[in-house]
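Asks: Just so it is clear, I am handing over final-v7.cif, which has mmCIF, C-alpha atoms and all ligand atoms.
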```
data_query
loop_
_atom_site.label_atom_id
_atom_site.label_comp_id
_atom_site.auth_asym_id
_atom_site.auth_seq_id
_atom_site.Cartn_x
_atom_site.Cartn_y
_atom_site.Cartn_z
CA MET Z 947 -42.53 -70.18 41.37
CA THR Z 948 -44.51 -72.78 39.42
CA VAL Z 949 -45.73 -70.08 37.05
CA LEU Z 950 -42.20 -68.77 36.50
CA LEU Z 951 -41.02 -72.30 35.67
CA ILE Z 952 -43.84 -72.69 33.12
CA ALA Z 953 -42.97 -69.28 31.65
CA ALA Z 954 -39.28 -70.29 31.37
CA ALA Z 955 -40.33 -73.55 29.70
CA LEU Z 956 -42.45 -71.60 27.16
CA VAL Z 957 -39.52 -69.29 26.34
CA GLY Z 958 -37.22 -72.33 25.99
CA PHE Z 959 -39.80 -74.03 23.76
CA GLY Z 960 -40.04 -70.88 21.60
CA LEU Z 961 -36.26 -70.62 21.26
CA ALA Z 962 -35.88 -74.33 20.41
CA LEU Z 963 -38.52 -74.11 17.67
CA ARG Z 964 -37.24 -70.64 16.61
CA LEU Z 965 -40.74 -69.27 16.97
CA PRO Z 966 -41.16 -65.53 16.31
CA ALA Z 967 -40.82 -63.43 19.47
CA ARG Z 968 -44.41 -62.26 18.98
CA VAL Z 969 -45.70 -65.85 19.35
CA VAL Z 970 -43.74 -66.37 22.58
CA TRP Z 971 -45.12 -63.11 23.99
CA VAL Z 972 -48.66 -64.23 23.13
CA MET Z 973 -48.07 -67.53 24.99
CA LEU Z 974 -46.72 -65.67 28.04
CA ALA Z 975 -49.66 -63.26 27.97
CA THR Z 976 -52.07 -66.23 27.80
CA LEU Z 977 -50.34 -67.82 30.80
CA TRP Z 978 -50.62 -64.56 32.73
CA ALA Z 979 -54.33 -64.25 31.85
CA ALA Z 980 -54.93 -67.86 32.98
CA VAL Z 981 -53.19 -67.23 36.33
CA LEU Z 982 -55.22 -64.05 36.85
CA LEU Z 983 -58.42 -65.88 35.93
CA ALA Z 984 -57.63 -68.70 38.39
CA HIS Z 985 -57.17 -66.19 41.22
CA LEU Z 986 -60.40 -64.37 40.37
CA THR Z 987 -62.63 -67.43 39.98
CA LEU Z 988 -61.26 -70.07 42.39
CA PRO Z 989 -61.59 -69.84 46.20
CA GLY Z 990 -58.50 -68.47 47.97
CA ASP Z 991 -57.67 -71.77 49.67
CA HIS Z 992 -57.92 -73.82 46.46
CA ALA Z 993 -54.87 -76.03 45.80
CA LEU Z 994 -54.27 -74.39 42.39
CA THR Z 995 -54.29 -70.79 43.65
CA ARG Z 996 -51.90 -71.80 46.46
CA ALA Z 997 -49.63 -73.52 43.94
CA ILE Z 998 -49.34 -70.49 41.67
CA GLY Z 999 -48.92 -68.14 44.62
CA GLY Z 1000 -49.62 -64.44 45.05
CA SER Z 1001 -52.99 -62.84 44.64
CA ALA Z 1002 -55.06 -61.47 41.75
CA ALA Z 1003 -53.91 -57.94 42.64
CA HIS Z 1004 -50.22 -58.96 42.65
CA TRP Z 1005 -50.48 -60.68 39.28
CA PHE Z 1006 -52.47 -57.81 37.77
CA VAL Z 1007 -49.91 -55.18 38.85
CA GLY Z 1008 -47.00 -57.39 37.72
CA GLY Z 1009 -48.52 -57.86 34.26
CA ALA Z 1010 -49.26 -54.15 33.91
CA VAL Z 1011 -45.64 -53.24 34.79
CA VAL Z 1012 -44.26 -55.67 32.16
CA ALA Z 1013 -46.71 -54.32 29.52
CA LEU Z 1014 -45.62 -50.73 30.31
CA ILE Z 1015 -41.93 -51.63 29.97
CA LEU Z 1016 -42.62 -53.30 26.59
CA LEU Z 1017 -44.64 -50.33 25.31
CA TYR Z 1018 -41.89 -47.93 26.42
CA GLY Z 1019 -39.27 -49.99 24.49
CA ARG Z 1020 -41.42 -50.03 21.34
CA GLY Z 1021 -42.00 -46.29 21.57
CA LEU Z 1022 -38.26 -45.63 21.89
CA ALA Z 1023 -37.51 -47.85 18.85
CA ALA Z 1024 -40.15 -46.06 16.77
CA LEU Z 1025 -38.73 -42.66 17.77
CA ARG Z 1026 -35.21 -43.77 16.85
CA ALA Z 1027 -36.39 -45.06 13.46
CA ARG Z 1028 -38.08 -41.72 12.79
CA ALA Z 1029 -35.02 -39.75 13.87
CA ARG Z 1030 -32.70 -41.55 11.43
CA PRO Z 1031 -34.65 -42.00 8.17
CA GLY Z 1032 -32.71 -44.19 5.80
CA ALA Z 1033 -29.76 -44.70 8.13
CA LEU Z 1034 -28.31 -48.18 7.98
CA PRO Z 1035 -28.60 -49.95 11.32
CA ALA Z 1036 -25.33 -50.07 13.19
CA GLU Z 1037 -25.52 -53.78 13.95
CA THR Z 1038 -24.98 -55.88 10.84
CA GLY Z 1039 -27.07 -59.00 10.70
CA THR Z 1040 -29.90 -57.50 12.74
CA PHE Z 1041 -32.96 -55.62 11.62
CA SER Z 1042 -34.56 -52.47 12.96
CA PRO Z 1043 -38.34 -52.58 13.53
CA ALA Z 1044 -38.76 -50.53 10.34
CA GLU Z 1045 -36.81 -53.14 8.34
CA LEU Z 1046 -38.72 -56.04 9.94
CA ASP Z 1047 -41.94 -54.39 8.84
CA ARG Z 1048 -40.60 -53.69 5.32
CA TYR Z 1049 -39.42 -57.29 4.77
CA ALA Z 1050 -42.31 -59.01 6.61
CA ARG Z 1051 -43.66 -60.69 3.44
CA HIS Z 1052 -40.23 -62.23 2.83
CA ILE Z 1053 -39.71 -63.28 6.42
CA VAL Z 1054 -42.97 -65.24 6.51
CA LEU Z 1055 -41.93 -67.17 3.39
CA ARG Z 1056 -40.62 -70.56 4.48
CA GLU Z 1057 -37.88 -70.52 1.81
CA VAL Z 1058 -36.56 -67.07 2.81
CA GLY Z 1059 -37.44 -66.43 6.45
CA GLY Z 1060 -35.27 -64.43 8.85
CA PRO Z 1061 -32.03 -66.24 7.90
CA GLY Z 1062 -32.64 -65.65 4.16
CA GLN Z 1063 -33.41 -61.98 4.74
CA LYS Z 1064 -30.16 -61.64 6.69
CA ARG Z 1065 -28.29 -63.23 3.80
CA LEU Z 1066 -29.92 -60.71 1.44
CA LYS Z 1067 -28.79 -57.91 3.73
CA GLY Z 1068 -25.25 -59.26 3.75
CA ALA Z 1069 -25.15 -59.80 -0.03
CA ARG Z 1070 -23.17 -57.68 -2.48
CA VAL Z 1071 -24.56 -57.83 -6.01
CA LEU Z 1072 -23.13 -56.13 -9.11
CA VAL Z 1073 -25.48 -55.30 -11.98
CA VAL Z 1074 -23.90 -54.57 -15.35
CA GLY Z 1075 -26.16 -52.21 -17.29
CA ALA Z 1076 -28.87 -49.90 -15.98
CA GLY Z 1077 -31.03 -50.28 -19.09
CA GLY Z 1078 -34.09 -52.40 -19.92
CA LEU Z 1079 -33.06 -55.52 -17.99
CA GLY Z 1080 -31.21 -53.61 -15.30
CA SER Z 1081 -34.24 -51.41 -14.49
CA PRO Z 1082 -36.51 -54.06 -12.95
CA ALA Z 1083 -33.56 -56.12 -11.68
CA LEU Z 1084 -32.13 -53.15 -9.75
CA LEU Z 1085 -35.51 -52.03 -8.42
CA TYR Z 1086 -36.45 -55.49 -7.14
CA LEU Z 1087 -33.00 -56.13 -5.65
CA ALA Z 1088 -33.26 -52.82 -3.80
CA ALA Z 1089 -36.84 -53.55 -2.71
CA ALA Z 1090 -35.77 -57.02 -1.53
CA GLY Z 1091 -33.16 -55.52 0.78
CA VAL Z 1092 -29.95 -56.67 -0.92
CA GLY Z 1093 -27.43 -54.92 1.34
CA ARG Z 1094 -25.08 -53.52 -1.27
CA ILE Z 1095 -25.89 -53.09 -4.95
CA GLY Z 1096 -23.25 -51.99 -7.43
CA VAL Z 1097 -24.38 -50.72 -10.83
CA VAL Z 1098 -22.04 -50.07 -13.73
CA ASP Z 1099 -23.04 -48.22 -16.91
CA ASP Z 1100 -21.54 -45.37 -18.94
CA ASP Z 1101 -24.72 -44.23 -20.68
CA THR Z 1102 -27.03 -41.29 -20.00
CA VAL Z 1103 -30.83 -41.37 -19.88
CA SER Z 1104 -32.49 -40.50 -23.19
CA SER Z 1105 -36.18 -40.19 -24.05
CA SER Z 1106 -36.05 -43.28 -26.29
CA ASN Z 1107 -35.04 -45.36 -23.21
CA LEU Z 1108 -38.19 -44.60 -21.27
CA GLN Z 1109 -40.49 -46.93 -23.25
CA ARG Z 1110 -38.94 -49.81 -21.22
CA GLN Z 1111 -36.24 -48.54 -18.80
CA VAL Z 1112 -38.67 -47.82 -15.99
CA ILE Z 1113 -36.07 -47.06 -13.33
CA HIS Z 1114 -35.44 -43.71 -15.08
CA THR Z 1115 -37.81 -40.78 -15.40
CA ASP Z 1116 -38.56 -38.04 -17.88
CA ALA Z 1117 -37.15 -35.49 -15.43
CA ARG Z 1118 -33.79 -37.32 -15.37
CA ILE Z 1119 -33.19 -37.30 -19.16
CA GLY Z 1120 -29.56 -36.40 -19.73
CA GLN Z 1121 -28.36 -37.69 -16.33
CA PRO Z 1122 -25.92 -40.59 -16.13
CA LYS Z 1123 -28.02 -43.77 -15.84
CA VAL Z 1124 -26.21 -45.03 -12.75
CA PHE Z 1125 -27.08 -41.87 -10.78
CA SER Z 1126 -30.67 -41.93 -12.03
CA ALA Z 1127 -30.91 -45.61 -10.99
CA GLN Z 1128 -29.34 -44.83 -7.62
CA ALA Z 1129 -31.92 -42.10 -6.97
CA ALA Z 1130 -34.78 -44.49 -7.79
CA MET Z 1131 -33.40 -47.31 -5.65
CA LYS Z 1132 -32.71 -45.09 -2.64
CA ALA Z 1133 -36.19 -43.59 -2.97
CA LEU Z 1134 -37.64 -47.10 -2.94
CA ASN Z 1135 -35.52 -48.45 -0.10
CA PRO Z 1136 -33.25 -46.17 1.93
CA PHE Z 1137 -31.91 -49.19 3.87
CA VAL Z 1138 -29.77 -50.49 0.98
CA GLU Z 1139 -26.39 -49.16 -0.11
CA VAL Z 1140 -26.04 -48.34 -3.82
CA ARG Z 1141 -22.63 -47.92 -5.43
CA PRO Z 1142 -22.86 -46.29 -8.86
CA TYR Z 1143 -19.96 -46.80 -11.30
CA ASN Z 1144 -20.43 -44.25 -14.06
CA ARG Z 1145 -18.10 -45.82 -16.60
CA ARG Z 1146 -17.85 -48.47 -19.27
CA LEU Z 1147 -16.75 -51.75 -17.74
CA THR Z 1148 -13.32 -52.69 -19.08
CA GLU Z 1149 -11.17 -55.81 -18.90
CA GLY Z 1150 -8.83 -53.77 -16.71
CA ASP Z 1151 -11.22 -52.86 -13.91
CA ALA Z 1152 -13.61 -55.84 -14.07
CA PRO Z 1153 -11.46 -58.18 -11.88
CA ALA Z 1154 -11.23 -55.75 -8.94
CA LEU Z 1155 -14.92 -54.84 -9.20
CA PHE Z 1156 -16.06 -58.47 -9.47
CA ALA Z 1157 -13.90 -59.50 -6.51
CA GLU Z 1158 -15.93 -57.11 -4.30
CA HIS Z 1159 -19.24 -58.80 -5.13
CA ASP Z 1160 -20.83 -62.19 -4.44
CA LEU Z 1161 -22.98 -62.36 -7.56
CA ILE Z 1162 -22.90 -60.70 -10.98
CA LEU Z 1163 -25.97 -59.84 -13.06
CA ASP Z 1164 -25.40 -59.02 -16.71
CA GLY Z 1165 -28.14 -57.01 -18.37
CA SER Z 1166 -25.90 -55.42 -20.98
CA ASP Z 1167 -27.06 -55.03 -24.56
CA ASN Z 1168 -24.03 -56.06 -26.59
CA PHE Z 1169 -21.91 -59.14 -27.19
CA ASP Z 1170 -18.56 -57.48 -26.42
CA THR Z 1171 -19.68 -56.68 -22.87
CA ARG Z 1172 -21.34 -60.10 -22.38
CA TYR Z 1173 -18.16 -61.97 -23.34
CA MET Z 1174 -16.01 -59.71 -21.19
CA VAL Z 1175 -18.35 -60.04 -18.18
CA ASN Z 1176 -18.38 -63.82 -18.60
CA ALA Z 1177 -14.57 -64.06 -18.77
CA ALA Z 1178 -14.18 -61.86 -15.68
CA ALA Z 1179 -16.85 -63.82 -13.75
CA VAL Z 1180 -15.18 -67.14 -14.66
CA ALA Z 1181 -11.76 -65.80 -13.61
CA ALA Z 1182 -13.18 -64.51 -10.31
CA GLY Z 1183 -15.14 -67.75 -9.70
CA LYS Z 1184 -18.39 -65.76 -9.27
CA PRO Z 1185 -21.82 -66.96 -10.38
CA LEU Z 1186 -23.22 -64.94 -13.28
CA ILE Z 1187 -26.90 -64.45 -14.04
CA SER Z 1188 -26.99 -63.34 -17.66
CA ALA Z 1189 -30.06 -62.47 -19.69
CA ALA Z 1190 -30.70 -61.13 -23.16
CA ILE Z 1191 -33.76 -59.94 -25.04
CA THR Z 1192 -34.68 -59.17 -28.61
CA GLN Z 1193 -37.98 -57.97 -30.04
CA TRP Z 1194 -40.43 -60.39 -28.31
CA GLU Z 1195 -38.14 -63.05 -26.86
CA GLY Z 1196 -35.90 -63.26 -23.83
CA GLN Z 1197 -33.53 -65.81 -22.32
CA ILE Z 1198 -31.89 -66.20 -18.95
CA SER Z 1199 -29.47 -68.61 -17.29
CA LEU Z 1200 -27.04 -68.83 -14.37
CA TYR Z 1201 -23.50 -69.48 -15.58
CA ASP Z 1202 -21.14 -70.89 -12.98
CA PRO Z 1203 -18.29 -73.20 -14.08
CA ALA Z 1204 -16.71 -73.01 -10.61
CA ARG Z 1205 -19.71 -75.06 -9.41
CA GLY Z 1206 -20.07 -77.38 -12.38
CA ALA Z 1207 -22.40 -75.35 -14.60
CA PRO Z 1208 -21.45 -74.06 -18.06
CA CYS Z 1209 -20.18 -70.56 -18.68
CA TYR Z 1210 -21.71 -68.21 -21.25
CA ALA Z 1211 -18.97 -69.07 -23.78
CA CYS Z 1212 -19.67 -72.84 -23.41
CA ILE Z 1213 -23.13 -72.13 -24.84
CA PHE Z 1214 -22.27 -69.27 -27.20
CA PRO Z 1215 -18.64 -69.92 -28.21
CA GLU Z 1216 -18.78 -67.37 -31.00
CA ARG Z 1217 -20.73 -64.19 -31.42
CA PRO Z 1218 -23.35 -64.33 -34.15
CA ALA Z 1219 -22.51 -62.86 -37.54
CA ASP Z 1220 -23.41 -59.21 -37.97
CA GLY Z 1221 -27.10 -58.81 -38.71
CA LEU Z 1222 -28.15 -62.20 -37.26
CA ALA Z 1223 -28.66 -60.85 -33.75
CA PRO Z 1224 -29.33 -57.15 -34.21
CA ALA Z 1225 -29.37 -54.87 -31.19
CA CYS Z 1226 -32.66 -53.61 -29.79
CA SER Z 1227 -31.93 -50.18 -31.27
CA VAL Z 1228 -32.10 -51.73 -34.75
CA ALA Z 1229 -34.62 -54.57 -34.35
CA GLY Z 1230 -36.88 -53.02 -31.71
CA VAL Z 1231 -38.11 -54.53 -28.46
CA MET Z 1232 -41.51 -54.74 -26.83
CA GLY Z 1233 -41.31 -52.52 -23.76
CA ALA Z 1234 -42.69 -54.86 -21.08
CA LEU Z 1235 -40.45 -57.78 -22.17
CA PRO Z 1236 -37.33 -56.58 -20.30
CA GLY Z 1237 -39.68 -56.01 -17.36
CA VAL Z 1238 -40.48 -59.73 -17.32
CA VAL Z 1239 -36.94 -60.99 -17.97
CA GLY Z 1240 -35.23 -58.40 -15.73
CA ALA Z 1241 -37.59 -59.32 -12.90
CA MET Z 1242 -36.64 -62.98 -13.51
CA MET Z 1243 -33.01 -61.94 -13.01
CA ALA Z 1244 -33.93 -60.48 -9.62
CA VAL Z 1245 -35.92 -63.63 -8.74
CA GLU Z 1246 -32.96 -65.87 -9.59
CA ALA Z 1247 -30.58 -63.57 -7.68
CA ILE Z 1248 -32.78 -63.70 -4.57
CA LYS Z 1249 -32.99 -67.51 -4.87
CA GLU Z 1250 -29.22 -67.80 -5.31
CA ILE Z 1251 -28.55 -65.62 -2.25
CA THR Z 1252 -31.12 -67.25 0.02
CA GLY Z 1253 -30.68 -70.80 -1.27
CA ALA Z 1254 -34.39 -71.08 -2.08
CA GLY Z 1255 -35.69 -73.56 -4.65
CA GLU Z 1256 -33.87 -74.64 -7.78
CA GLY Z 1257 -31.88 -72.06 -9.73
CA LEU Z 1258 -30.89 -71.90 -13.37
CA ARG Z 1259 -27.44 -73.54 -13.15
CA GLY Z 1260 -27.08 -75.61 -16.31
CA ARG Z 1261 -30.52 -74.57 -17.54
CA MET Z 1262 -31.78 -71.79 -19.75
CA LEU Z 1263 -35.26 -70.36 -19.60
CA ILE Z 1264 -36.58 -68.96 -22.86
CA TYR Z 1265 -39.64 -66.74 -22.83
CA ASP Z 1266 -41.55 -66.03 -26.02
CA ALA Z 1267 -43.79 -63.08 -25.23
CA LEU Z 1268 -45.48 -62.97 -28.64
CA TYR Z 1269 -46.99 -66.45 -28.22
CA ALA Z 1270 -47.01 -66.46 -24.40
CA GLU Z 1271 -44.79 -69.52 -24.15
CA ALA Z 1272 -41.86 -70.40 -21.90
CA ARG Z 1273 -39.57 -73.38 -22.16
CA GLY Z 1274 -36.46 -74.60 -20.39
CA ILE Z 1275 -33.48 -76.25 -22.02
CA VAL Z 1276 -30.63 -78.14 -20.37
CA LEU Z 1277 -27.18 -76.67 -20.93
CA LYS Z 1278 -23.95 -78.69 -20.89
CA ARG Z 1279 -20.40 -77.56 -20.27
CA ASN Z 1280 -18.10 -77.53 -23.26
CA PRO Z 1281 -14.87 -79.30 -22.20
CA GLY Z 1282 -13.03 -77.42 -24.94
CA CYS Z 1283 -14.42 -74.01 -23.91
CA ALA Z 1284 -11.82 -71.33 -24.51
CA VAL Z 1285 -12.91 -69.44 -21.37
CA CYS Z 1286 -13.64 -72.06 -18.71
CA GLY Z 1287 -12.21 -75.29 -20.19
CA GLY Z 1288 -10.31 -77.17 -17.51
CA GLN Z 1289 -11.72 -75.04 -14.69
CA GLY Z 1290 -14.04 -76.21 -11.95
CA GLY Z 1291 -15.64 -79.64 -11.86
CA ALA Z 1292 -16.43 -81.75 -14.91
CA GLY Z 1293 -20.12 -81.04 -14.43
CA ARG Z 1294 -22.64 -82.20 -11.86
ZN ZN Z 1301 -17.18 -72.23 -20.71
#
```
So that I can check it, write out the structure of this file as structure tokens.
Replies:
Amino acid sequence: MTVLLIAAALVGFGLALRLPARVVWVMLATLWAAVLLAHLTLPGDHALTRAIGGSAAHWFVGGAVVALILLYGRGLAALRARARPGALPAETGTFSPAELDRYARHIVLREVGGPGQKRLKGARVLVVGAGGLGSPALLYLAAAGVGRIGVVDDDTVSSSNLQRQVIHTDARIGQPKVFSAQAAMKALNPFVEVRPYNRRLTEGDAPALFAEHDLILDGSDNFDTRYMVNAAAVAAGKPLISAAITQWEGQISLYDPARGAPCYACIFPERPADGLAPACSVAGVMGALPGVVGAMMAVEAIKEITGAGEGLRGRMLIYDALYAEARGIVLKRNPGCAVCGGQGGAGR
């Protein structure tokens, strides 16, 4: 009886401190070993052995039965995981043993942990563009276990993409980029859902698409799309992680006027004159640069979803790859902004 009370106290202690189940099991196993040891080493009429009750044989058999039940349960779970490769677990908000193993390096991070990983699983993220920035962003979001990832792009894979768009492959040249990206993401992590939208995002369908997602990532390569994505994100009240690259330099920020931060149009009210900001196809781009900046988009998305650290609301990070320098600048809302003026707070 005394031993059972101590065991219950240990379980209660573990639950109160939200210790991993494995730690609680180790404590219980240690208690069992101590009880067994007491019976084996102390005389039978010792006060301690009388207090804990039973005999060494009883405790040994009891422990063996519990260990067998646990092993049986683990074996069943492993068989089930093998029988349904890639199937999403039925219970939302819980993880199969295969998922726990896959996300273990996240779960041990203090800033993510089990709750953060559950938020990632419940998150719906839309990525505009499956090109240079979209490639690493999509791969890392899928690897991180973001539950549902939408990707919208109307382009097809061409050989000139492959110098930087590493989500695509030589064998998939000619395929729509969203299907090529979907294949890569599902191959990397069958536990996430990918929704490919093989079309050019328009003002008409952006509101409905944005409403279905918690967070928008813009990795598009032209100003028309960037302004349209910003306007739709502002209208939907969704945070927007937008990045851009040219030649050797990249920039990234989180635009969110609904929560006091500027929108993209606050910072860039007018598109640059033709020729001042040429597209990558004209000016060129160093292949690993979108790898760095697109991965930063995934980092900021994971932070935004899990609440870890300090995001890029009201700040822009500029990375100069040619001179290996990064700097941050503070961004302010423009009260007269044609897109978000008068919306949200006055700035925090
Ligand atoms: Zn604005």
Asks: Set out as a Markdown table a contact list for chain Z and ligand ZN 1301 (chain Z) with a cut-off of 9 Å, giving each residue of chain Z that qualifies its closest atom pair and distance in Å to one decimal, counting only C-alpha atoms and all ligand atoms, ordered by chain and rising residue number.
Replies:
```
| residue | atom | partner | partner_atom | distance |
| --- | --- | --- | --- | --- |
| Z:Asn1176 | CA | Z:ZN1301 | ZN | 8.8 |
| Z:Ala1177 | CA | Z:ZN1301 | ZN | 8.8 |
| Z:Val1180 | CA | Z:ZN1301 | ZN | 8.2 |
| Z:Tyr1201 | CA | Z:ZN1301 | ZN | 8.6 |
| Z:Asp1202 | CA | Z:ZN1301 | ZN | 8.8 |
| Z:Pro1203 | CA | Z:ZN1301 | ZN | 6.8 |
| Z:Ala1207 | CA | Z:ZN1301 | ZN | 8.6 |
| Z:Pro1208 | CA | Z:ZN1301 | ZN | 5.3 |
| Z:Cys1209 | CA | Z:ZN1301 | ZN | 4.0 |
| Z:Tyr1210 | CA | Z:ZN1301 | ZN | 6.1 |
| Z:Ala1211 | CA | Z:ZN1301 | ZN | 4.8 |
| Z:Cys1212 | CA | Z:ZN1301 | ZN | 3.7 |
| Z:Ile1213 | CA | Z:ZN1301 | ZN | 7.2 |
| Z:Phe1214 | CA | Z:ZN1301 | ZN | 8.8 |
| Z:Pro1215 | CA | Z:ZN1301 | ZN | 8.0 |
| Z:Arg1279 | CA | Z:ZN1301 | ZN | 6.2 |
| Z:Asn1280 | CA | Z:ZN1301 | ZN | 6.0 |
| Z:Pro1281 | CA | Z:ZN1301 | ZN | 7.6 |
| Z:Gly1282 | CA | Z:ZN1301 | ZN | 7.9 |
| Z:Cys1283 | CA | Z:ZN1301 | ZN | 4.6 |
| Z:Ala1284 | CA | Z:ZN1301 | ZN | 6.6 |
| Z:Val1285 | CA | Z:ZN1301 | ZN | 5.1 |
| Z:Cys1286 | CA | Z:ZN1301 | ZN | 4.1 |
| Z:Gly1287 | CA | Z:ZN1301 | ZN | 5.9 |
| Z:Gln1289 | CA | Z:ZN1301 | ZN | 8.6 |
```
Asks: List as number ranges by chain the protein and nucleic acid residues near Gly1253 in chain Z, meaning an atom at most 12 Å away when only C-alpha atoms are counted, but skip any in the same chain fewer than 3 places from it.
Replies: Z: 1056-1059, 1061-1063, 1065-1066, 1245-1250, 1256-1257
Asks: For range 1154-1162 of chain Z, please output as a VMD selection string all residues within 6 Å (counting only C-alpha atoms; exclusion window: fewer than 2 positions along the same chain).
Replies: chain Z and resid 1070 to 1072 1151 to 1152 1184 to 1186
Asks: Can you tell me, as lines of an AutoDock Vina configuration file, the centre and edge lengths (Å, one decimal) of the axis-aligned box enclosing all of range 1062-1072 of chain Z's listed atoms after padding each side by 6 Å?
Replies:
```
center_x = -28.3
center_y = -60.9
center_z = -1.2
size_x = 22.3
size_y = 21.5
size_z = 27.8
```
Asks: With distances taken over all atoms listed in the file, which residue among Z:Asp1099, Z:Glu1139, Z:Glu1149, Z:Asp1116 lies nearest Gly1068 in chain Z?
Replies: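 When distances to Gly1068 in chain Z are compared using all atoms listed in the file, the smallest one comes from Z:Glu1139.
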Asks: I'd like the contact shell of Ala980 in chain Z - 12 Å cut-off, all atoms listed in the file, skipping same-chain residues fewer than 6 positions apart - returned as a PyMOL selection string.
Replies: chain Z and resi 949+973-974+986-988+994-995+998+1002+1005-1006+1009
Asks: Do a neighbour search on Arg996 in chain Z at 12 Å with only C-alpha atoms, toss out local chain neighbours closer than 3 positions, and write the hits as a list of chain:residue names.
Replies: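 Those residues are Z:Met947, Z:Thr948, Z:Val949, Z:Val981, Z:Ala984, Z:His985, Z:Leu988, Z:Pro989, Z:Gly990, Z:Asp991, Z:His992, Z:Ala993, Z:Gly999, Z:Gly1000, Z:Ser1001, Z:Ala1002.
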Asks: Residues at most 6 Å from Leu1200 in chain Z, counting only C-alpha atoms, excluding those fewer than 5 positions away in the same chain, as a list in words?
Replies: Leu1186, Ile1187, Leu1258 and Arg1259 of chain Z
Asks: How far is it from CA of Met1174 in chain Z to CA of Leu1087 in chain Z, in Å with one decimal?
Replies: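 Those two atoms sit 23.3 Å apart.
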Asks: For Pro1136 in chain Z, which of Z:Leu1277, Z:Ala1272, Z:Ala1044, Z:Ala1182 is the closest residue, counting all atoms listed in the file?
Replies: Z:Ala1044
Asks: Given only C-alpha atoms as the basis, pick out the residue of Z:Leu1134, Z:Ile1264, Z:Leu982, Z:Ala1234 nearest to Leu1108 in chain Z.
Replies: Z:Ala1234
Asks: For a test of reading the model, state the distance in Å between CA of Cys1226 in chain Z and CA of Gln1197 in chain Z, rounded to one decimal.
Replies: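 A separation of 14.3 Å between them.
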Asks: Using only C-alpha atoms, find the one residue out of Z:Arg1217, Z:Arg1172, Z:Arg1205, Z:His1004 that sits nearest to Val1074 in chain Z.
Replies: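 Using only C-alpha atoms, the shortest distance to Val1074 in chain Z belongs to Z:Arg1172.
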Asks: Out of Z:Phe1137, Z:Phe1041, Z:Trp978, Z:Tyr1086, which residue has the shortest atom-to-atom distance to Gly1240 in chain Z when counting only C-alpha atoms?
Replies: Z:Tyr1086
Asks: Please, what distance in Å, to one decimal, runs between CA of Glu1045 in chain Z and CA of Leu1163 in chain Z?
Replies: 24.9 Å
Asks: With only C-alpha atoms as the basis for distance, which of Z:Ala1069, Z:Leu1014, Z:Ile1053, Z:Ala997 is at the shortest distance from Gly1039 in chain Z?
Replies: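 Closest residue, counting only C-alpha atoms: Z:Ala1069.
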